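Pasted below: upload_18.tsv, TSV, C-alpha atoms.
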chain	number	residue	atom	x	y	z
A	235	MET	CA	0.00	0.00	0.00
A	236	THR	CA	1.10	3.54	-0.74
A	237	ALA	CA	0.24	6.53	1.43
A	238	ALA	CA	-1.38	9.34	-0.52
A	239	TYR	CA	-2.65	12.71	0.67
A	240	ILE	CA	-5.54	14.42	-1.11
A	241	GLY	CA	-6.46	18.10	-0.79
A	242	LEU	CA	-10.17	18.86	-0.89
A	243	GLY	CA	-11.75	22.24	-1.53
A	244	SER	CA	-15.15	23.69	-2.42
A	245	ASN	CA	-16.73	27.12	-2.49
A	246	LEU	CA	-19.96	26.49	-4.43
A	247	ASP	CA	-23.21	24.59	-3.84
A	248	GLU	CA	-22.98	23.87	-0.10
A	249	PRO	CA	-19.22	23.41	0.29
A	250	ARG	CA	-19.39	21.45	3.56
A	251	ALA	CA	-21.82	18.96	2.02
A	252	GLN	CA	-19.62	18.69	-1.08
A	253	LEU	CA	-16.60	17.74	1.08
A	254	GLU	CA	-18.58	15.28	3.22
A	255	ARG	CA	-19.77	13.47	0.07
A	256	ALA	CA	-16.25	13.57	-1.37
A	257	PHE	CA	-14.85	11.90	1.76
A	258	GLU	CA	-17.39	9.09	1.28
A	259	GLU	CA	-16.40	8.74	-2.37
A	260	LEU	CA	-12.69	8.68	-1.51
A	261	ALA	CA	-13.42	5.88	0.96
A	262	ALA	CA	-15.10	3.94	-1.86
A	263	LEU	CA	-12.20	4.15	-4.34
A	264	PRO	CA	-11.09	0.68	-5.45
A	265	GLN	CA	-7.95	-0.82	-3.91
A	266	SER	CA	-7.88	2.08	-1.46
A	267	ARG	CA	-8.73	2.80	2.15
A	268	LEU	CA	-9.51	6.17	3.72
A	269	VAL	CA	-7.12	6.24	6.70
A	270	ALA	CA	-7.88	9.69	8.10
A	271	ARG	CA	-9.49	13.01	7.35
A	272	SER	CA	-8.61	16.41	8.71
A	273	PRO	CA	-11.07	18.82	10.23
A	274	LEU	CA	-12.66	21.31	7.85
A	275	TYR	CA	-11.17	24.78	7.41
A	276	ARG	CA	-12.45	28.01	5.87
A	277	SER	CA	-10.09	30.10	3.74
A	278	ALA	CA	-10.30	33.00	1.32
A	279	PRO	CA	-9.85	32.21	-2.37
A	280	VAL	CA	-6.33	32.64	-3.74
A	281	GLY	CA	-5.81	34.45	-7.03
A	282	ALA	CA	-9.49	34.92	-7.91
A	283	PRO	CA	-12.66	36.46	-6.52
A	284	GLY	CA	-15.43	34.34	-5.08
A	285	PRO	CA	-16.86	33.01	-1.85
A	286	ASP	CA	-14.65	31.53	0.86
A	287	PHE	CA	-13.54	27.92	0.45
A	288	VAL	CA	-14.02	25.00	2.77
A	289	ASN	CA	-10.86	22.87	2.70
A	290	ALA	CA	-9.56	19.62	4.18
A	291	VAL	CA	-6.99	16.89	3.58
A	292	ALA	CA	-7.59	13.15	3.38
A	293	GLU	CA	-5.04	10.38	3.86
A	294	LEU	CA	-5.47	7.23	1.78
A	295	ASP	CA	-3.66	3.94	1.65
A	296	THR	CA	-3.89	2.77	-1.95
A	297	GLN	CA	-2.69	0.15	-4.36
A	298	LEU	CA	-3.63	2.37	-7.29
A	299	SER	CA	-0.81	3.99	-9.23
A	300	ALA	CA	-0.56	7.76	-8.99
A	301	ALA	CA	-2.10	8.08	-12.47
A	302	GLN	CA	-4.97	5.72	-11.58
A	303	LEU	CA	-5.61	7.63	-8.37
A	304	LEU	CA	-5.65	10.93	-10.28
A	305	ASP	CA	-8.19	9.44	-12.69
A	306	GLY	CA	-10.35	8.41	-9.72
A	307	LEU	CA	-10.13	11.90	-8.22
A	308	GLN	CA	-11.13	13.52	-11.50
A	309	ALA	CA	-14.09	11.13	-11.82
A	310	ILE	CA	-15.28	12.23	-8.36
A	311	GLU	CA	-14.92	15.90	-9.37
A	312	THR	CA	-16.99	15.21	-12.51
A	313	ARG	CA	-19.76	13.63	-10.42
A	314	HIS	CA	-19.80	16.87	-8.40
A	315	ALA	CA	-20.31	18.90	-11.60
A	316	ARG	CA	-16.81	20.41	-11.47
A	317	GLN	CA	-16.31	23.05	-14.15
A	318	ARG	CA	-12.95	24.48	-15.22
A	319	PRO	CA	-13.72	27.85	-16.86
A	320	ALA	CA	-10.48	29.48	-15.62
A	321	ARG	CA	-7.62	28.82	-13.22
A	322	ASN	CA	-8.63	29.40	-9.58
A	323	ALA	CA	-12.30	29.88	-10.54
A	324	PRO	CA	-14.97	29.05	-7.94
A	325	ARG	CA	-15.74	25.33	-7.90
A	326	THR	CA	-18.09	22.72	-6.52
A	327	LEU	CA	-15.20	20.39	-5.72
A	328	ASP	CA	-11.46	20.39	-6.20
A	329	LEU	CA	-9.46	17.25	-5.40
A	330	ASP	CA	-5.69	17.58	-5.62
A	331	LEU	CA	-3.25	14.70	-5.30
A	332	LEU	CA	-0.80	16.39	-2.94
A	333	LEU	CA	1.60	13.59	-2.03
A	334	TYR	CA	1.99	10.03	-3.24
A	335	ASP	CA	4.43	8.50	-0.77
A	336	GLU	CA	7.70	10.34	-1.44
A	337	MET	CA	7.33	10.29	-5.22
A	338	ALA	CA	8.66	13.21	-7.25
A	339	LEU	CA	7.11	13.38	-10.71
A	340	ALA	CA	6.66	15.99	-13.43
A	341	SER	CA	4.49	14.89	-16.33
A	342	PRO	CA	2.03	16.76	-18.56
A	343	THR	CA	-0.87	15.46	-16.43
A	344	LEU	CA	0.55	15.16	-12.92
A	345	THR	CA	3.19	16.88	-10.80
A	346	LEU	CA	4.17	15.42	-7.43
A	347	PRO	CA	4.37	16.74	-4.88
A	348	HIS	CA	1.61	19.17	-5.82
A	349	PRO	CA	3.48	22.20	-7.21
A	350	ARG	CA	1.82	24.87	-5.03
A	351	MET	CA	1.01	22.97	-1.84
A	352	HIS	CA	4.00	24.44	-0.01
A	353	LEU	CA	2.57	27.94	-0.58
A	354	ARG	CA	-0.93	27.28	0.77
A	355	ALA	CA	-1.91	27.43	4.44
A	356	PHE	CA	-5.23	25.78	3.54
A	357	VAL	CA	-3.26	22.67	2.50
A	358	LEU	CA	-0.45	22.69	5.04
A	359	ARG	CA	-2.49	23.22	8.19
A	360	PRO	CA	-4.93	20.33	7.62
A	361	LEU	CA	-2.04	18.15	6.42
A	362	LEU	CA	-0.26	18.78	9.71
A	363	GLU	CA	-3.43	17.71	11.58
A	364	LEU	CA	-2.99	14.28	9.98
A	365	ASP	CA	0.81	14.10	10.16
A	366	PRO	CA	2.48	16.59	12.51
A	367	ARG	CA	5.90	15.61	11.08
A	368	ALA	CA	4.92	15.86	7.41
A	369	GLU	CA	7.72	16.56	4.96
A	370	ILE	CA	7.20	17.86	1.43
A	371	PRO	CA	9.76	16.17	-0.85
A	372	GLY	CA	12.16	18.75	-2.21
A	373	ARG	CA	10.67	21.50	0.01
A	374	GLY	CA	11.16	20.44	3.63
A	375	SER	CA	9.07	20.46	6.77
A	376	ALA	CA	5.37	21.27	6.31
A	377	ARG	CA	5.48	22.98	9.72
A	378	GLU	CA	8.27	25.33	8.57
A	379	LEU	CA	6.51	25.96	5.27
A	380	LEU	CA	3.30	26.83	7.13
A	381	ARG	CA	5.18	29.50	9.09
A	382	ALA	CA	5.99	31.18	5.76
A	383	CYS	CA	2.22	31.29	5.04
A	384	ALA	CA	1.41	33.15	8.26
A	385	GLY	CA	-0.32	35.99	6.40
A	386	GLN	CA	-2.95	33.67	4.89
A	387	ALA	CA	-6.21	33.64	6.83
A	388	ILE	CA	-7.48	30.17	7.66
A	389	GLU	CA	-10.09	29.22	10.25
A	390	ARG	CA	-10.85	25.76	11.62
A	391	LEU	CA	-14.56	25.01	11.43
A	392	ASP	CA	-15.93	23.25	14.47
A	393	ASP	CA	-18.58	20.63	13.85
Using structure tokens, write down the structure from this file.
Amino acid sequence: MTAAYIGLGSNLDEPRAQLERAFEELAALPQSRLVARSPLYRSAPVGAPGPDFVNAVAELDTQLSAAQLLDGLQAIETRHARQRPARNAPRTLDLDLLLYDEMALASPTLTLPHPRMHLRAFVLRPLLELDPRAEIPGRGSARELLRACAGQAIERLDD
């Protein structure tokens, strides 16, 4: 089994409900097991206008290849009516493959680790909830990287 971390985000059509359904769908992926899920967080959109996002991170153990897992994530996004009109546009659901074990990969369809995760408090903070010693291959400690994102507003949502 390979450990994979998935970033979840939504800011349209009941974002909390979108993420709750997405967690269920991640748990149902073939040859995979949902190990843990972070609490939900609210954050402002980055690089585009729109409503605040609800974000989280999920940890999976999977036997799927990184490409197969990405295909599964994109199928879940499609079921949530994900549209891609422009980069950083508001969305019903965004699922990003953040980490796939310690794999480093740069292909036309997939870059690992996720190329902007080290710049985003809404990824790093929930990731650290799941793994307080998380390391981003080629970047370093997620905890140190989060300190560099101190100016980004993020709020934990209590259930």
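Interatomic distance, atom CA of Asp330 of chain A to atom CA of Arg367 of chain A: 20.4 Å.
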Choose the residue, out of A:Leu332, A:Arg313, A:Arg271, A:Pro324, that has the smallest atom-to-atom separation from Arg350 of chain A; count all atoms listed in the file.
A:Leu332
Quick one: residues within 8 Å of segment 238-243 of chain A, only C-alpha atoms counted, chain neighbours fewer than 5 positions away excluded, as a PyMOL selection string?
chain A and resi 249+253+287-296+327-335+357+361
Looking at all atoms listed in the file, which of A:Val280, A:Leu304, A:Leu362, A:Ala309 is the one that sits closest to Ala256 of chain A?
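Answer, going by the shortest atom-to-atom distance: A:Ala309.
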Polymer residues at most 12 Å from Ile388 of chain A, all atoms listed in the file, same-chain spacing of 2 or more positions, as JSON, numbers by chain:
{"A": [274, 275, 276, 277, 278, 279, 280, 286, 287, 288, 289, 290, 354, 355, 356, 357, 358, 359, 360, 380, 383, 384, 385, 386, 390, 391]}
Using the selection just defined, write its residues with C-alpha atoms as a compact mmCIF listing (two decimals), keeping the file's coordinate frame.
# COMPACT_ATOMS: atom_id res chain seq x y z
CA LEU A 274 -12.66 21.31 7.85
CA TYR A 275 -11.17 24.78 7.41
CA ARG A 276 -12.45 28.01 5.87
CA SER A 277 -10.09 30.10 3.74
CA ALA A 278 -10.30 33.00 1.32
CA PRO A 279 -9.85 32.21 -2.37
CA VAL A 280 -6.33 32.64 -3.74
CA ASP A 286 -14.65 31.53 0.86
CA PHE A 287 -13.54 27.92 0.45
CA VAL A 288 -14.02 25.00 2.77
CA ASN A 289 -10.86 22.87 2.70
CA ALA A 290 -9.56 19.62 4.18
CA ARG A 354 -0.93 27.28 0.77
CA ALA A 355 -1.91 27.43 4.44
CA PHE A 356 -5.23 25.78 3.54
CA VAL A 357 -3.26 22.67 2.50
CA LEU A 358 -0.45 22.69 5.04
CA ARG A 359 -2.49 23.22 8.19
CA PRO A 360 -4.93 20.33 7.62
CA LEU A 380 3.30 26.83 7.13
CA CYS A 383 2.22 31.29 5.04
CA ALA A 384 1.41 33.15 8.26
CA GLY A 385 -0.32 35.99 6.40
CA GLN A 386 -2.95 33.67 4.89
CA ARG A 390 -10.85 25.76 11.62
CA LEU A 391 -14.56 25.01 11.43
Between atom CA of Ser299 of chain A and atom CA of His348 of chain A, measure the distance and give it in Å to one decimal.
15.7 Å
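Atom pair atom CA of Pro285 of chain A / atom CA of Asn245 of chain A has a distance of 5.9 Å (rounded to one decimal).
The shortest atom-to-atom distance to Ser272 of chain A, with all atoms listed in the file taken into account, belongs to A:Phe257 out of A:Thr312, A:Met235, A:Ala340, A:Phe257.
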Nearest to Leu260 of chain A among A:Asp305, A:Leu346, A:Ala282, A:Ile310, with distances taken over only C-alpha atoms: which residue is it?
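Residue with the minimum atom-to-atom distance to Leu260 of chain A: A:Ile310.
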Taking the point (10.3, 10.0, -1.6) as given in the file, collect each protein or nucleic acid residue that comes within 9 Å of it, counting all atoms listed in the file, and present the set as a VMD selection string.
chain A and resid 334 to 338 370 to 372
For the selection just defined, write its residues with C-alpha atoms to a file, as a short mmCIF file (atom, residue, chain, number, x, y, z; two decimals), keeping the file's coordinate frame.
data_model
loop_
_atom_site.label_atom_id
_atom_site.label_comp_id
_atom_site.auth_asym_id
_atom_site.auth_seq_id
_atom_site.Cartn_x
_atom_site.Cartn_y
_atom_site.Cartn_z
CA TYR A 334 1.99 10.03 -3.24
CA ASP A 335 4.43 8.50 -0.77
CA GLU A 336 7.70 10.34 -1.44
CA MET A 337 7.33 10.29 -5.22
CA ALA A 338 8.66 13.21 -7.25
CA ILE A 370 7.20 17.86 1.43
CA PRO A 371 9.76 16.17 -0.85
CA GLY A 372 12.16 18.75 -2.21
#
